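Novice: So that you have it, the file is final.tsv, and it contains TSV, C-alpha atoms:
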chain	number	residue	atom	x	y	z
A	1	MET	CA	-13.02	-3.78	11.15
A	2	ILE	CA	-10.31	-1.98	9.18
A	3	LEU	CA	-7.67	-0.13	11.19
A	4	LEU	CA	-6.31	2.88	9.30
A	5	VAL	CA	-2.94	3.98	10.70
A	6	ASP	CA	-2.67	7.73	10.15
A	7	HIS	CA	0.65	9.39	9.32
A	8	GLN	CA	-0.91	12.86	9.51
A	9	ASP	CA	-1.67	13.08	5.81
A	10	SER	CA	-4.34	15.18	4.15
A	11	PHE	CA	-5.53	12.14	2.19
A	12	THR	CA	-6.28	10.00	5.25
A	13	ARG	CA	-9.94	11.02	5.51
A	14	ASN	CA	-10.50	10.46	1.79
A	15	LEU	CA	-9.00	7.02	2.20
A	16	GLU	CA	-11.23	6.37	5.22
A	17	HIS	CA	-14.27	7.27	3.11
A	18	LEU	CA	-13.28	4.69	0.47
A	19	LEU	CA	-12.55	1.96	3.03
A	20	THR	CA	-15.96	2.35	4.72
A	21	ARG	CA	-17.50	0.77	1.62
A	22	PHE	CA	-16.01	-2.54	2.77
A	23	ASP	CA	-16.10	-2.55	6.58
A	24	SER	CA	-16.23	-0.28	9.61
A	25	VAL	CA	-13.07	1.83	9.88
A	26	GLU	CA	-11.13	3.01	12.93
A	27	VAL	CA	-8.60	5.77	12.27
A	28	ARG	CA	-5.74	6.04	14.77
A	29	ASP	CA	-2.54	8.05	14.85
A	30	ARG	CA	0.55	5.89	14.28
A	31	LEU	CA	1.75	6.71	17.81
A	32	SER	CA	-1.50	5.58	19.45
A	33	LEU	CA	-2.50	2.09	18.37
A	34	PRO	CA	-4.46	0.30	21.11
A	35	ALA	CA	-3.82	-3.45	21.25
A	36	ASN	CA	-7.55	-4.26	21.24
A	37	LEU	CA	-8.01	-2.48	17.89
A	38	VAL	CA	-4.89	-4.04	16.39
A	39	ASN	CA	-5.97	-7.52	17.49
A	40	SER	CA	-9.52	-7.19	16.19
A	41	ALA	CA	-8.66	-5.68	12.78
A	42	SER	CA	-9.33	-7.77	9.68
A	43	LEU	CA	-7.04	-5.41	7.72
A	44	ILE	CA	-4.52	-2.77	8.78
A	45	VAL	CA	-3.94	0.05	6.29
A	46	LEU	CA	-0.84	2.24	6.49
A	47	SER	CA	-1.79	5.68	5.23
A	48	PRO	CA	0.14	8.05	3.00
A	49	GLY	CA	2.21	10.71	4.73
A	50	PRO	CA	5.05	13.20	4.35
A	51	GLY	CA	8.74	12.34	4.55
A	52	THR	CA	10.52	9.03	4.15
A	53	PRO	CA	9.98	5.60	5.74
A	54	SER	CA	12.98	6.22	8.00
A	55	ASP	CA	11.06	9.13	9.55
A	56	TYR	CA	8.63	6.58	11.01
A	57	PRO	CA	10.62	4.07	13.10
A	58	GLU	CA	7.54	3.35	15.23
A	59	THR	CA	5.56	2.26	12.16
A	60	LEU	CA	8.45	0.12	10.92
A	61	GLU	CA	8.58	-1.58	14.32
A	62	PHE	CA	4.79	-1.97	14.37
A	63	THR	CA	4.73	-3.68	10.97
A	64	GLU	CA	7.34	-6.19	12.15
A	65	LYS	CA	5.01	-7.17	15.01
A	66	VAL	CA	1.89	-7.68	12.89
A	67	LYS	CA	3.27	-9.02	9.58
A	68	GLY	CA	1.91	-12.48	8.90
A	69	LYS	CA	-0.67	-12.17	11.68
A	70	THR	CA	-2.95	-9.47	10.26
A	71	PRO	CA	-3.24	-8.46	6.59
A	72	LEU	CA	-1.44	-5.19	5.80
A	73	LEU	CA	-2.02	-2.71	2.99
A	74	GLY	CA	0.41	0.17	2.52
A	75	ILE	CA	-0.56	3.17	0.41
A	76	CYS	CA	2.08	5.60	-0.93
A	77	LEU	CA	4.27	6.13	2.17
A	78	GLY	CA	2.78	2.86	3.50
A	79	PHE	CA	3.93	1.07	0.31
A	80	GLN	CA	7.45	2.42	0.87
A	81	LEU	CA	7.40	1.53	4.59
A	82	LEU	CA	6.52	-2.10	3.88
A	83	LEU	CA	9.10	-2.54	1.13
A	84	GLN	CA	11.86	-0.85	3.12
A	85	ALA	CA	11.09	-3.15	6.04
A	86	GLU	CA	11.49	-6.09	3.64
A	87	GLY	CA	14.91	-4.97	2.37
A	88	ALA	CA	14.27	-2.56	-0.50
A	89	ARG	CA	15.86	0.88	-0.69
A	90	ILE	CA	13.75	4.01	-1.07
A	91	VAL	CA	15.34	6.82	-3.07
A	92	ARG	CA	14.44	10.26	-4.41
A	93	GLN	CA	13.08	10.01	-7.94
A	94	ALA	CA	14.12	12.22	-10.83
A	95	GLN	CA	10.62	13.60	-11.37
A	96	VAL	CA	8.23	14.57	-8.60
A	97	LEU	CA	4.75	13.22	-9.29
A	98	HIS	CA	2.25	15.24	-7.28
A	99	GLY	CA	-1.34	15.10	-8.41
A	100	VAL	CA	-0.29	13.44	-11.66
A	101	GLU	CA	-2.34	10.85	-13.52
A	102	THR	CA	-0.17	8.19	-15.13
A	103	GLU	CA	-0.67	4.83	-16.75
A	104	ILE	CA	0.59	1.68	-15.05
A	105	ALA	CA	1.09	-1.81	-16.45
A	106	THR	CA	-0.46	-4.50	-14.26
A	107	VAL	CA	0.22	-8.22	-13.75
A	108	GLN	CA	-2.97	-9.88	-14.86
A	109	ASN	CA	-2.81	-13.01	-12.70
A	110	SER	CA	-2.36	-11.01	-9.48
A	111	ARG	CA	-5.11	-10.78	-6.87
A	112	THR	CA	-4.81	-6.98	-6.80
A	113	TYR	CA	-5.70	-6.57	-10.48
A	114	ARG	CA	-8.10	-9.48	-10.92
A	115	GLY	CA	-10.71	-8.56	-13.51
A	116	LEU	CA	-9.02	-5.26	-14.36
A	117	PRO	CA	-7.38	-4.25	-17.66
A	118	PRO	CA	-3.62	-4.59	-18.23
A	119	LEU	CA	-3.21	-0.80	-18.30
A	120	LEU	CA	-4.76	1.44	-15.63
A	121	ARG	CA	-4.78	5.19	-15.02
A	122	VAL	CA	-3.86	6.07	-11.42
A	123	GLY	CA	-3.28	9.18	-9.30
A	124	ARG	CA	0.24	9.61	-7.99
A	125	TYR	CA	1.54	11.93	-5.27
A	126	HIS	CA	5.15	11.05	-4.47
A	127	SER	CA	8.75	12.19	-4.78
A	128	LEU	CA	10.30	8.89	-3.63
A	129	GLN	CA	10.45	5.51	-5.32
A	130	VAL	CA	11.78	2.03	-4.77
A	131	GLU	CA	15.28	1.65	-6.18
A	132	HIS	CA	14.89	-0.97	-8.88
A	133	ARG	CA	18.26	-2.60	-8.14
A	134	SER	CA	17.18	-3.31	-4.56
A	135	LEU	CA	14.24	-5.50	-5.60
A	136	GLY	CA	16.56	-8.51	-5.49
A	137	GLU	CA	16.81	-8.03	-1.73
A	138	LEU	CA	13.09	-8.72	-1.24
A	139	PRO	CA	11.76	-12.11	-0.12
A	140	THR	CA	10.70	-14.34	-3.00
A	141	SER	CA	7.13	-14.34	-1.68
A	142	ILE	CA	6.76	-10.68	-2.71
A	143	GLN	CA	5.49	-10.24	-6.26
A	144	ILE	CA	5.67	-6.88	-8.00
A	145	THR	CA	2.19	-6.56	-9.50
A	146	ALA	CA	2.45	-3.29	-11.47
A	147	HIS	CA	5.05	-0.89	-12.75
A	148	ASP	CA	5.31	2.47	-14.44
A	149	PRO	CA	6.13	1.53	-18.05
A	150	ILE	CA	7.86	4.86	-18.73
A	151	ARG	CA	9.97	5.22	-15.58
A	152	LYS	CA	10.41	1.44	-15.11
A	153	VAL	CA	9.68	1.53	-11.35
A	154	PRO	CA	7.38	-0.75	-9.33
A	155	VAL	CA	4.12	0.79	-8.17
A	156	SER	CA	2.42	-2.14	-6.43
A	157	PHE	CA	3.16	-5.50	-4.84
A	158	GLU	CA	1.50	-8.38	-3.06
A	159	ASP	CA	2.65	-11.20	-0.84
A	160	LEU	CA	-0.23	-13.65	-0.65
A	161	LYS	CA	1.51	-15.90	1.85
A	162	ARG	CA	1.70	-13.16	4.49
A	163	LYS	CA	-1.16	-11.00	3.15
A	164	LEU	CA	0.98	-7.93	2.45
A	165	PHE	CA	-0.17	-5.49	-0.22
A	166	GLY	CA	1.17	-2.14	-1.36
A	167	LEU	CA	0.14	0.63	-3.75
A	168	GLN	CA	2.52	3.49	-4.54
A	169	TYR	CA	-0.43	5.44	-5.95
A	170	HIS	CA	-3.66	6.65	-4.31
A	171	PRO	CA	-6.73	4.44	-4.86
A	172	GLU	CA	-8.94	7.07	-3.17
A	173	SER	CA	-7.94	9.76	-5.69
A	174	PHE	CA	-10.41	10.79	-8.38
A	175	LEU	CA	-7.46	10.34	-10.77
A	176	THR	CA	-7.48	6.56	-10.13
A	177	SER	CA	-10.04	5.03	-12.44
A	178	GLU	CA	-10.59	1.74	-10.58
A	179	GLY	CA	-9.81	2.64	-6.97
A	180	THR	CA	-12.90	1.01	-5.48
A	181	ARG	CA	-12.37	-2.21	-7.44
A	182	LEU	CA	-8.70	-2.33	-6.38
A	183	ILE	CA	-9.60	-2.12	-2.70
A	184	GLU	CA	-12.37	-4.67	-3.22
A	185	ASN	CA	-9.87	-7.13	-4.74
A	186	ILE	CA	-7.36	-6.61	-1.93
A	187	HIS	CA	-10.05	-6.84	0.75
A	188	HIS	CA	-11.31	-10.15	-0.66
A	189	ALA	CA	-7.76	-11.50	-0.75
A	190	CYS	CA	-7.27	-10.47	2.89
A	191	LEU	CA	-10.35	-12.38	3.96
A	192	ASP	CA	-8.78	-15.62	2.70
A	193	GLU	CA	-7.08	-17.66	5.41
A	194	ILE	CA	-3.56	-16.37	6.10
A	195	GLY	CA	-0.71	-18.61	5.03
Have the structure of the file written as structure tokens, please.
Specialist:
Amino acid sequence: MILLVDHQDSFTRNLEHLLTRFDSVEVRDRLSLPANLVNSASLIVLSPGPGTPSDYPETLEFTEKVKGKTPLLGICLGFQLLLQAEGARIVRQAQVLHGVETEIATVQNSRTYRGLPPLLRVGRYHSLQVEHRSLGELPTSIQITAHDPIRKVPVSFEDLKRKLFGLQYHPESFLTSEGTRLIENIHHACLDEIG
């Protein structure tokens, strides 16, 4: 079962629809996460949402409790939440990307992009980004797996040791050419034994 933690975003149901291709999905508000669902999840997905990671202290606390125990995938806001919790800084970006299709450059030996081309078109909906200078604060187990070649900012990461994954873009968007394959790759990686 996949537990989708909802941050009251309009994309949550679209994301749920994509995730149901891989397992049953339970959608729960971030403020109401029953222990039985958390404990039985094979993957916990942190949804997109408005605002900044600091607006969601409950989610930041929740991720600290489950990191390394249950695989985590953060999408858009979820990507930012996970990286902020690991020591990165999230800042306002110069250009708002809302409903914009851009090309990203991927790391070919990563689990996230296994079997996918080095350049992908993805749908982006965000006004915040990871501050590049703060990447040095992240644990060495975190690998940046894709970046925006024009703006030089990271747009995905993975930590295979703790089964943490993040996508700054929206795999469920029709603007993302390989969204289903991306989730399939991450889901397969999550099924591997943790650690």
Novice: For CA of Thr20 in chain A and CA of Glu86 in chain A, determine how far apart the two atoms are, in Å to one decimal place.
Specialist: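 Interatomic distance here is 28.7 Å.
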Novice: Which of these, A:Lys67, A:Arg13, A:Lys161, A:His7, has the shortest distance to Asp55 in chain A once you count only C-alpha atoms?
Specialist: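 Result for the nearest residue to Asp55 in chain A: A:His7.
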Novice: What does the distance between CA of Leu82 in chain A and CA of Gly49 in chain A come to in Å, to one decimal place?
Specialist: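 Here the two named atoms are 13.5 Å from each other.
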Novice: What is the distance between CA of Glu26 in chain A and CA of Val155 in chain A, in Å to one decimal?
Specialist: 26.1 Å
